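Data first, discussion second: the structure below is written as structure tokens.
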Amino acid sequence: MEQNIVFITLAIALVLFIWEKFRYDIVALLALFTLVVFNIIPAENAFSGFAHPAVITIGAILIISKALDHSGLVDITARILNKIGKSFLLQLIVLCVIVTIASAFMNNIGALGIMMPVAVQMARRNGYAPSRILMPIAFASILGGMTTLIGTPPNIIIATFRKQNDIGAFSMFDFTPTGGILAIAGLIFISLVGWRFLPKRHSEDNEDNLFKIDNYTTEVTVTEDSALNGRTLREMNIISNTEVLALGLVRNGNLIYAPSSEEKLLKDDIIILETDSDDLKTFVNNTGVKLTGKKLVYKESKGYGNIQGLEVVVTGGSPVIDKTAIELNIRKIQHVNVLAIARSEKRMRQRLGNIRLKAGDVLLLQGQRHHLKQAITVMQLLPLAERNIKIGNPRQPIFALSIFLLAILAVVFNVLAVEIAFSIAALIMVINKILPMRIVYSAIDWPIIVLLAAMIPVGEAFETSGGADLITQYILTMSGEFPIWVLLLVLITITTILSNVINNAATVILMAPIAIKIAVEMELSADPFLMAVALSASFAFLTPIGHQSNTLVMSPGGYKFSDYWKMGLPLTLILIILSVPVIMFFWPV
């Protein structure tokens, strides 16, 4: 009975993961509480996952990654990269190699986020489409994560499974020989062949900029006879029967940017509107305002020099996901305007205030420099341009790097457990104000933390209820009398498929017990089977939902869902075929 409930719960969770109607952390909690209600997971163990070493380690790594960004180390790297020559192939290889190395030692989403603005700027400066370079560096970030213990959550989870089965945890560089060879093979394919499968796709609005601010702004003057004269901005849309956005006002030559909705309009005020041609015509007819002409007056007003536009990407852990600009009250709270939103390869044309934001959406923000900086930090957005807006106050890059390296050495030489070493390193960076305390908790990708904490007890229930045994027997029966390498290939294929449709951390939690039980049933070492699951959980190259890195580049690169198959499928096949002999060489059964 328990086994059936666990299977049904996991099947429903899998469908919900793929459907994406609900966030994956919510789905994981639903699965957890379902098994608690049926008393399959004891109530006292429901939240035990939050204390799991893997969860603590991942949280610490996320904080350290953010601290390294704030330390100034990233900006130094970006300045060096900007000196690379104009050869596209050279730029591609250097960016992919740097992202791969960075992803081995920090959160791979963070590594990609650091280099994305540099890659986009290089593409624009040298006249080629960002679509030719963004997917390659996204894939490189995934490849880099395979090479060390801390490179990606699946490796950390696999290490803890190994320790819990009295084998001892994998060490920092146990993943390097196998993961390193696969990463190098993947980089060679991406750099020399893979990028050629990608579309040369520029943005539909402008081949140099995803958005051009002047395309979205119009100026109108409030006349003495206008219906808006003496009325507030809050009343403007009611009177005009439109949903235009007032970005600002020019009054007596002074710019009032992002004015309050209670601001009263006066004769000769120039309203800066964000609207399309149809709404503009209705607005003018219904309010009696006067168009100022093609020349934008606000650019010559006092205070305009402090206003700038910035393209940003919604990251996977951003609090703005599934919310609209109206619900977030961005204008009032952050003092910035949202001028446009793009999703996938096109700008969205419907009312901006009604669009529910998703990870990977590109927003065009406009505001004063310090307000943009604050909005990016609070809403966890990624600037999609050269990092001329510094996030935080860069300081102590050498000190931050030294603390990180000491933590790695402490793990390598077994001085401290991995969760302790990196938690101490994160604490030291916070105490020394390398990472401001106010953004420490926003540096953590809470949906991932909750997902892991909820799925760990679910995974244990999957094992204790006999579900893992049943799947194991099915795989062994299906493999029959075939050699061990066929069994590894089956395990790798199943894990690869799952990791492309659900979160790879959740995939590992489900597949690791099966890998261990296969080894026990066949009286073989569990290491090659665990390594097979860890590596193939990172073969998430087939869909934009398989990995957050893929999602992050979808809109900036103008990619369609099918574009991921063009480069991802041959890369996945190469890695699957190569992984079996590599695993068996370094981890014999």
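Residues in the structure tokens are named by chain (A, B, ... in the order shown) and by number from 1 within that chain; ligands are numbered from 1 in the order shown.
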**Request:** Taking the DSSP assignment computed from this structure's backbone, write out as a PyMOL selection string all residues of stretch 170-401 of chain A that belong to alpha helix (DSSP H).
**Result:** chain A and resi 176-192+233-240+277-287+325-328+330-334+369-378+397-401
**Request:** May I have the residues within 12 Å of stretch 249-258 of chain A as a ChimeraX atom specification, using only C-alpha atoms and disregarding those fewer than 4 positions away in the same chain?
**Result:** /A:218-222,233,245,262-274,292,296-308,330-339,365-368,371
**Asked** How far is it from atom CA of A:Ile456 to atom CA of A:Ser48, in Å with one decimal?
**Response** 8.3 Å
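Within 12 Å of A:Lys163, once only C-alpha atoms are used and residues closer than 2 positions along the same chain are dropped, the contacting residues are Pro53, Ala54, Ile156, Ile157, Ile158, Ala159, Thr160, Phe161, Asn165, Asp166, Ile167, Gly168, Ala169, Phe170, Ser171, Ala417, Ile516, Ala526, Asp527 and Leu530 of chain A.
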Write the residues of the selection above to a file with N, CA and C atoms, as a PDB file, in the first residue's frame.
```pdb
ATOM      1  N   PRO A  53      23.313  17.912   4.996  1.00  0.00           N
ATOM      2  CA  PRO A  53      24.588  18.534   4.602  1.00  0.00           C
ATOM      3  C   PRO A  53      24.599  19.086   3.181  1.00  0.00           C
ATOM      4  N   ALA A  54      23.911  18.399   2.250  1.00  0.00           N
ATOM      5  CA  ALA A  54      23.881  18.867   0.857  1.00  0.00           C
ATOM      6  C   ALA A  54      23.196  20.218   0.754  1.00  0.00           C
ATOM      7  N   ILE A 156      27.108  17.221  -5.131  1.00  0.00           N
ATOM      8  CA  ILE A 156      27.063  17.305  -3.665  1.00  0.00           C
ATOM      9  C   ILE A 156      26.099  16.273  -3.105  1.00  0.00           C
ATOM     10  N   ILE A 157      24.945  16.122  -3.758  1.00  0.00           N
ATOM     11  CA  ILE A 157      23.948  15.155  -3.295  1.00  0.00           C
ATOM     12  C   ILE A 157      24.472  13.727  -3.416  1.00  0.00           C
ATOM     13  N   ILE A 158      25.110  13.417  -4.532  1.00  0.00           N
ATOM     14  CA  ILE A 158      25.676  12.084  -4.735  1.00  0.00           C
ATOM     15  C   ILE A 158      26.730  11.778  -3.676  1.00  0.00           C
ATOM     16  N   ALA A 159      27.549  12.768  -3.341  1.00  0.00           N
ATOM     17  CA  ALA A 159      28.580  12.574  -2.318  1.00  0.00           C
ATOM     18  C   ALA A 159      27.959  12.220  -0.965  1.00  0.00           C
ATOM     19  N   THR A 160      26.862  12.872  -0.622  1.00  0.00           N
ATOM     20  CA  THR A 160      26.211  12.591   0.659  1.00  0.00           C
ATOM     21  C   THR A 160      25.543  11.214   0.648  1.00  0.00           C
ATOM     22  N   PHE A 161      24.999  10.806  -0.493  1.00  0.00           N
ATOM     23  CA  PHE A 161      24.425   9.456  -0.597  1.00  0.00           C
ATOM     24  C   PHE A 161      25.518   8.413  -0.376  1.00  0.00           C
ATOM     25  N   ASN A 165      25.830   5.637   2.918  1.00  0.00           N
ATOM     26  CA  ASN A 165      25.890   4.188   2.708  1.00  0.00           C
ATOM     27  C   ASN A 165      27.221   3.599   3.165  1.00  0.00           C
ATOM     28  N   ASP A 166      27.878   4.321   4.078  1.00  0.00           N
ATOM     29  CA  ASP A 166      29.107   3.857   4.741  1.00  0.00           C
ATOM     30  C   ASP A 166      30.249   3.572   3.770  1.00  0.00           C
ATOM     31  N   ILE A 167      30.234   4.284   2.639  1.00  0.00           N
ATOM     32  CA  ILE A 167      31.346   4.142   1.686  1.00  0.00           C
ATOM     33  C   ILE A 167      32.318   5.295   1.864  1.00  0.00           C
ATOM     34  N   GLY A 168      31.821   6.411   2.399  1.00  0.00           N
ATOM     35  CA  GLY A 168      32.637   7.625   2.511  1.00  0.00           C
ATOM     36  C   GLY A 168      32.294   8.568   1.382  1.00  0.00           C
ATOM     37  N   ALA A 169      32.215   9.862   1.683  1.00  0.00           N
ATOM     38  CA  ALA A 169      31.813  10.844   0.679  1.00  0.00           C
ATOM     39  C   ALA A 169      32.888  11.011  -0.388  1.00  0.00           C
ATOM     40  N   PHE A 170      32.468  11.339  -1.602  1.00  0.00           N
ATOM     41  CA  PHE A 170      33.420  11.713  -2.638  1.00  0.00           C
ATOM     42  C   PHE A 170      34.146  12.977  -2.193  1.00  0.00           C
ATOM     43  N   SER A 171      35.413  13.101  -2.526  1.00  0.00           N
ATOM     44  CA  SER A 171      36.183  14.293  -2.154  1.00  0.00           C
ATOM     45  C   SER A 171      36.060  15.358  -3.250  1.00  0.00           C
ATOM     46  N   ALA A 417      34.670  19.012   7.105  1.00  0.00           N
ATOM     47  CA  ALA A 417      33.639  18.526   6.183  1.00  0.00           C
ATOM     48  C   ALA A 417      33.253  19.647   5.234  1.00  0.00           C
ATOM     49  N   ILE A 516      22.613   2.698  -6.143  1.00  0.00           N
ATOM     50  CA  ILE A 516      23.223   1.950  -5.042  1.00  0.00           C
ATOM     51  C   ILE A 516      22.651   0.537  -4.968  1.00  0.00           C
ATOM     52  N   ALA A 526      29.619   0.499  -5.795  1.00  0.00           N
ATOM     53  CA  ALA A 526      28.563   1.474  -6.112  1.00  0.00           C
ATOM     54  C   ALA A 526      29.114   2.703  -6.836  1.00  0.00           C
ATOM     55  N   ASP A 527      30.431   2.910  -6.769  1.00  0.00           N
ATOM     56  CA  ASP A 527      31.017   4.145  -7.292  1.00  0.00           C
ATOM     57  C   ASP A 527      30.729   4.412  -8.769  1.00  0.00           C
ATOM     58  N   LEU A 530      27.033   5.477  -9.080  1.00  0.00           N
ATOM     59  CA  LEU A 530      26.798   6.811  -8.526  1.00  0.00           C
ATOM     60  C   LEU A 530      27.393   7.891  -9.429  1.00  0.00           C
TER      61      LEU A 530
END
```
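Each of A:Ala505, A:Ile398, A:Ile137, A:Ile56 was checked against A:Ile101 using only C-alpha atoms; the smallest atom-to-atom distance is that of A:Ile137.
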**Prompt:** DSSP on the backbone: what in stretch 157-300 of chain A comes out strand (DSSP E), as a ChimeraX atom specification?
**Reply:** /A:217-221,245-251,254-257,270-274,290-291
**Prompt:** Hey, which of A:Ile518, A:Leu182, A:Val15, A:Ile142 ends up closest to A:Val580? Count only C-alpha atoms.
**Reply:** A:Leu182
